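J.: To start, I am sharing the structure in question, which I have written as structure tokens.
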Amino acid sequence: MNWIDIGHIDDIPLRGARKIKTPLGCVAVFRTAEDEVFAATDSCPHKGGPLSEGIVHGQSVTCPLHNWVFDLNTGQAASEDGAITTFLVLVQDGRVLIDGAKLDSRSAA
Amino acid sequence: MKQKLVIIGAGMASGRVIEHLVEDAPDAFDITLFNAEPRGNYNRIMLSPVLSGEKTYADIVTHDDDWYAAHGVTCRFGEHVTAIDPEMKVVAGQNGHVPYDKLIIATGSAPFIIPVPGKDLDGVITYRDLDDTNAMIEASAKGGKAVVIGGGLLGLEAAAGLAERGMDVTVVHLMGHLMERQLDEAAGYLLRKDLERRGITVRTQASTKAIIGDGRVEAVLLEGDETLPADLVVMAVGIRPETRLATDAGLSVARGVEVNAQMQTSDPDIFAVGECLEFDGHLFGLVAPLYDQAKVLAGTLLDQAAAFVVKDTATKLKVTGCDLFSAGDFAEGEGREDIVLRDPARGIYKRLVIEGDRLIGAVMYGDTADGNWFFQLIKDGTEIDEIRETLIFGPAFQGGDTSDPLSAVAALPREAEICGCNGICKGTIVDAITNGATDLGAVKAQTKASASCGTCTGLVEQLLQVTLGDDFQMPTAQPICGCCDLTHEDVRRLIKSQELKSQDAVWQELGWKTRNGCHVCRPAVNFYLLADWPLEYRDDPQSRFVNERKHANIQKDGTFSVVPRMWGGITNPAELRAIADAADKYDVPTVKVTGGQRIDLLGVRGEDLPFIWADLNKAGLVSGHAYSKGLRTVKTCVGTDHCRFGTQDSTGLGIRLEQALWGSWTPHKVKLGVSGCPRNCAEATCKDIGIICVDSGYQVSVAGAAGMDVRETERLCDVETEQEAIDVTIAFVQLYRENAKYLDRAYKWVDKVGLDWVQGRIADPDERQRLIEAFELSQSIYRKDPWAEHATQAHRYQPLADLTLEAAE
């Protein structure tokens with residue numbers, strides 16, 4: 001594990017998202033109404049829509065382009081054959097940490 | 001000064017009147033509500049499911065104590081009204097007098113008690129209210145024998161409920177067959193067979209001579225001296241309007257309290273609503289006309305023009321497993337002809353009654369799926385000569401050239417495209433349905449059909465109906481989405497009437513099934529809240545689609561388009577230079593002139609948005625809201641400034657309208673056009689609101705469209721001055737904001753409520769003024785440039801972190 005500090009939780013709007021740039025491309029970091037934080041690839045497998053611009057509801061996000069809905073726990077799209085890659089994130093003392101190992105290992109692969 | 005409104009009777013009709021009043025004019029009346037029953041308004045239609053045990057009383061309460069308290073209704077429940085004094089305008093209750101300015105009599109109906117010996121014995125009950133229902137439930141707990149006197153709608157529902165609860169039930173009916181007012185003999189026979197199959201004994205042509213017992217009921221004695229042992233007797237032979245108070249007060253009473261089309265009795269300050277009244281010789285017992293009356297009465301009380309008209313109603317029996325339907329007039333008569341279809345093996349009977357070339361009545365038993373189609377033919381007085389041969393087989397068998405949509409859908413080839421947005425054809429949808437997608441939601445999920453713009457929803461539903469036949473119940477009202485069971489209209493109504501002022505209040509009070517909605521319902525709820533409570537609730541960007549959150553339109557590659565506002569389509573060299581400089585500086589790949597007379601910079605990166613806005617702001621350019629469900633553009637022609645035909649300053653009016661309306665949120669986008677003469681160069685007559693200047697003033701028309709649908713506007717009104725044109729436009733926009741379903745363009749909304757209604761509201765000077773003030777109040781918050789605000793928060797448009805840099809370190 002290689003936890004990387006990417007910012008403060010308050011930098012992410014409630015029921016919203018921000019994106020981070022990584023060697024793998026953009027990753028969306030989501031914050032739910034209950035302050036849960038999730039991270040996943042910022043690109044919808046359907047037509048590449050930026051998921052960080054989608055509406056966050058419950059523990060899901062809806063793609064802004066064609067309304068595919070993804071479960072942020074698993075990355076699986078609801079009633080569609082498609083998924084986004086999710087990444088481990090932690091919140092410690094308000095700082096959001098992402099598992100860089102997974103980002104690196106995937107970039108190496 | 002509030003008027004005192006006293007209402008006698010808290011039933012479904014008066015409950016609806018109160019709802020209308022507190023919604024439309026919460027400050028107009030001080031309401032005092034009397035009810036002889038010790039409770040408020042509940043859904044009486046649902047007493048049968050309560051009796052059978054499918055529902056509880058809590059399930060059927062319409063207005064609880066909190067609701068009455070929240071709307072300032074003074075409740076005098078459990079208190080009988082003893083007299084009305086129309087001279088002094090006072091109502092006498094058991095616990096004191098209440099003066100009134102206006103009085104509503106809503107005393108409903110009383111069960112008819114047949115005057116036989118023993119009618120007052122213990123264990124003889126009627127079936128009208130919750131107390132009766134509870135008495136039956138209590139009696140049935142001991143088991144034993146029940147006799148229901150009366151084989152009409154109410155009696156049979158009581159009989160079925162008691163049988164369901166384990167009693168041994170006999171129905172005693174005076175006439176030759178059951179439900180003789182709604183059914184003919186053949187259908188009555190099939191109904192009887194079904195009831196007998198459930199263990200209910202049916203005695204027709206049986207007249208009750210006496211009820212026997214010593215203090216408590218023991219048996220029912222029939223004419224012919226046969227006795228039926230009974231532990232419980234339910235008297236359900238009919239109802240009559242409860243008119244005692246009205247008669248004593250000297251009002252004109254026939255069978256019911258007589259009213260005119262405005263629900264006014266012979267005393268101009270006393271009104272009646274519901275089952276207690278008589279209008280034009282008619283009495284009313286079904287809920288649909290009662291609700292119509294309630295609406296008219298509320299309108300009358302608020303000095304709005306409204307008139308009640310009698311419509312045909314159809315009947316269905318709420319007994320599970322007994323499927324019957326009847327509508328219209330099906331008595332035999334000269335010049336009337338019958339078409340009958342029987343299928344004894346399946347217990348199906350259908351009879352259509354035709355007079356001339358019109359269908360006037362229908363009775364169906366066993367298979368009632370086509371009931372509403374027949375009912376529509378009856379109501380519309382449709383000529384049926386052409387389809388008479390196959391009429392009885394229902395809409396599915398009609399030829400392709402009839403007006404019925406189902407046959408048209410049935411006749412489509414498999415390759416026919418149903419959902420244009422997602423390119424889904426009929427075959428795909430039908431396959432999904434046969435593989436188990438048996439409702440709209442499932443078809444949507446599996447095929448994507450109707451999942452985008454939704455205009456094909458009706459077609460998909462018809463395919464479900466054609467494919468599944470009777471197994472598919474056409475939904476009467478679509479809930480907003482899977483998160484709740486309420487329609488858009490209900491949610492809007494409840495946000496107003498329950499004074500819900502936050503999203504959390506909506507989720508909690510309206511029973512949302514998800515934590516905080518989804519991308520379908522949350523933007524709608526966000527809009528309803530901000531439209532109804534402009535000061536208490538603020539627009540929530542996280543409940544907006546990306547375009548509105550980012551104040552720019554997202555493009556398919558994730559870049560954005562930027563459209564600065566050009567008031568009325570007028571610009572100048574300085575603005576154009578600033579736009580050109582911005583396009584250069586931010587490498588804008590495409591610059592396009594839009595249909596709304598603006599300039600669109602396409603392909604701006606999200607990170608650059610705050611900076612390009614700041615640059616444009618410096619030149620005095622603000623957001624053009626080309627992305628919002630709000631005012632888009634006011635398209636103008638050059639009017640009197642340059643044109644030799646122009647009759648008024650159309651450009652100036654366009655600019656002033658745009659300056660008044662910009663920034664406001666609306667249910668869907670709003671586009672305006674102002675043309676300086678009837679040559680209409682600004683194409684105003686296909687806009688949401690279009691104004692045509694003429695010599696004598698301004699023709700204001702609304703509800704046009706030039707998108708998925710193309711529609712010419714309809715004339716709202718003609719006005720003489722520019723100020724009036726602006727007033728009428730603002731009032732229309734506010735009326736639309738207050739009433740329309742989210743994502744309904746103005747023309748769809750006007751189709752639903754009717755242009756007459758809109759005209760009536762706008763023409764009323766008080767209402768027009770109220771609308772303008774409400775709009776101004778909202779604009780005190782929203783009439784400002786969101787770009788200027790967001791340009792100062794550029795960091796929010798940048799990535800939260802850049803790990804590509806860290807990786808390089």
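Ordering of the structure tokens sets the chain letters (A, B, ...); residue numbers start at 1 within each chain; ligands are numbered from 1 in the order shown.
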Near chain A, which residues of chain B fall within 8 Å when you count only C-alpha atoms, and what do they look like as an MDAnalysis selection string?
T.: chainID B and resid 445:446 452 514:519 542:546 556:558 796 799:804 807
J.: Restricting the output to N, CA, C and O atoms, write the selected residues as a tab-separated table (two decimals), in the first residue's frame.
T.:
```tsv
chain	number	residue	atom	x	y	z
B	445	ALA	N	-35.10	-0.87	-18.59
B	445	ALA	CA	-33.80	-1.35	-18.12
B	445	ALA	C	-33.17	-2.30	-19.12
B	445	ALA	O	-31.98	-2.24	-19.38
B	446	GLN	N	-33.98	-3.18	-19.72
B	446	GLN	CA	-33.40	-4.21	-20.59
B	446	GLN	C	-33.12	-3.72	-21.99
B	446	GLN	O	-32.19	-4.16	-22.64
B	452	SER	N	-34.71	7.61	-22.62
B	452	SER	CA	-34.06	8.91	-22.80
B	452	SER	C	-35.06	10.05	-22.73
B	452	SER	O	-35.36	10.55	-21.67
B	514	THR	N	-35.05	5.93	-1.53
B	514	THR	CA	-33.60	6.01	-1.63
B	514	THR	C	-33.12	7.12	-0.71
B	514	THR	O	-33.89	7.94	-0.26
B	515	ARG	N	-31.80	7.12	-0.47
B	515	ARG	CA	-31.21	8.07	0.46
B	515	ARG	C	-31.47	9.51	0.05
B	515	ARG	O	-31.94	10.31	0.83
B	516	ASN	N	-31.11	9.86	-1.16
B	516	ASN	CA	-31.32	11.23	-1.61
B	516	ASN	C	-31.66	11.28	-3.09
B	516	ASN	O	-31.09	12.05	-3.85
B	517	GLY	N	-32.59	10.43	-3.48
B	517	GLY	CA	-33.10	10.48	-4.84
B	517	GLY	C	-32.11	9.94	-5.86
B	517	GLY	O	-31.17	9.21	-5.52
B	518	CYS	N	-32.32	10.30	-7.11
B	518	CYS	CA	-31.44	9.86	-8.18
B	518	CYS	C	-31.39	10.97	-9.22
B	518	CYS	O	-31.95	12.04	-9.03
B	519	HIS	N	-30.74	10.68	-10.35
B	519	HIS	CA	-30.59	11.74	-11.35
B	519	HIS	C	-31.90	12.10	-12.02
B	519	HIS	O	-31.99	13.10	-12.71
B	542	GLN	N	-25.56	20.55	-6.84
B	542	GLN	CA	-25.33	19.10	-6.91
B	542	GLN	C	-26.59	18.34	-7.31
B	542	GLN	O	-26.57	17.13	-7.46
B	543	SER	N	-27.70	19.03	-7.43
B	543	SER	CA	-28.92	18.40	-7.94
B	543	SER	C	-29.24	18.92	-9.33
B	543	SER	O	-30.37	18.84	-9.79
B	544	ARG	N	-28.25	19.47	-9.97
B	544	ARG	CA	-28.40	19.97	-11.34
B	544	ARG	C	-27.59	19.09	-12.27
B	544	ARG	O	-26.55	18.57	-11.89
B	545	PHE	N	-28.05	18.97	-13.51
B	545	PHE	CA	-27.25	18.28	-14.50
B	545	PHE	C	-25.98	19.11	-14.74
B	545	PHE	O	-25.95	20.31	-14.48
B	546	VAL	N	-24.96	18.44	-15.26
B	546	VAL	CA	-23.64	19.05	-15.36
B	546	VAL	C	-23.70	20.43	-16.01
B	546	VAL	O	-23.04	21.36	-15.56
B	556	LYS	N	-19.69	16.19	-26.44
B	556	LYS	CA	-19.50	14.74	-26.35
B	556	LYS	C	-18.08	14.35	-25.99
B	556	LYS	O	-17.85	13.27	-25.45
B	557	ASP	N	-17.10	15.24	-26.21
B	557	ASP	CA	-15.73	14.91	-25.82
B	557	ASP	C	-15.37	15.42	-24.43
B	557	ASP	O	-14.22	15.41	-24.04
B	558	GLY	N	-16.38	15.89	-23.68
B	558	GLY	CA	-16.12	16.35	-22.32
B	558	GLY	C	-15.69	17.80	-22.25
B	558	GLY	O	-15.49	18.33	-21.16
B	796	ARG	N	-11.96	25.42	-8.14
B	796	ARG	CA	-12.91	24.31	-8.16
B	796	ARG	C	-13.01	23.66	-9.53
B	796	ARG	O	-13.58	22.58	-9.68
B	799	PRO	N	-8.16	20.10	-11.42
B	799	PRO	CA	-8.08	18.79	-10.76
B	799	PRO	C	-7.74	18.97	-9.29
B	799	PRO	O	-7.03	19.91	-8.92
B	800	LEU	N	-8.25	18.06	-8.45
B	800	LEU	CA	-8.00	18.13	-7.02
B	800	LEU	C	-6.51	17.89	-6.75
B	800	LEU	O	-5.93	18.48	-5.86
B	801	ALA	N	-5.93	17.01	-7.52
B	801	ALA	CA	-4.50	16.71	-7.37
B	801	ALA	C	-3.97	16.23	-8.71
B	801	ALA	O	-4.74	15.74	-9.54
B	802	ASP	N	-2.67	16.39	-8.91
B	802	ASP	CA	-2.08	15.92	-10.16
B	802	ASP	C	-0.97	14.92	-9.82
B	802	ASP	O	0.14	15.30	-9.48
B	803	LEU	N	-1.32	13.64	-9.88
B	803	LEU	CA	-0.36	12.61	-9.48
B	803	LEU	C	0.63	12.31	-10.59
B	803	LEU	O	1.61	11.62	-10.37
B	804	THR	N	0.36	12.80	-11.78
B	804	THR	CA	1.33	12.57	-12.86
B	804	THR	C	2.61	13.34	-12.54
B	804	THR	O	3.70	12.89	-12.85
B	807	ALA	N	4.46	11.48	-9.75
B	807	ALA	CA	5.10	10.27	-10.26
B	807	ALA	C	6.42	10.63	-10.93
B	807	ALA	O	7.37	9.86	-10.90
```
J.: May I have the residues within 8 Å of stretch 349-362 of chain B as a PyMOL selection string, using only C-alpha atoms and disregarding those fewer than 4 positions away in the same chain?
T.: chain B and resi 186-187+325-330+335-344+366-367+371+374-375+377-378+381-385+392
J.: What does the structure give for the distance between atom CA of B:Ala305 and atom CA of B:Val753, in Å to one decimal?
T.: 15.3 Å
J.: Using only C-alpha atoms, which residues sit within 9 Å of stretch 585-592 of chain B once same-chain residues fewer than 6 positions away are excluded, as a PyMOL selection string?
T.: chain B and resi 598-605+608+612
J.: Return the single residue from A:Phe38, A:Trp3, A:Phe30, A:Phe70 that is closest to A:Ile98, with distances computed using only C-alpha atoms.
T.: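 The closest residue to A:Ile98 is A:Trp3.
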J.: Could you tell me how far atom CA of B:Thr428 sits from atom CA of B:Leu412, in Å to one decimal place?
T.: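 Value for the atom CA of B:Leu412-atom CA of B:Thr428 distance: 12.9 Å.
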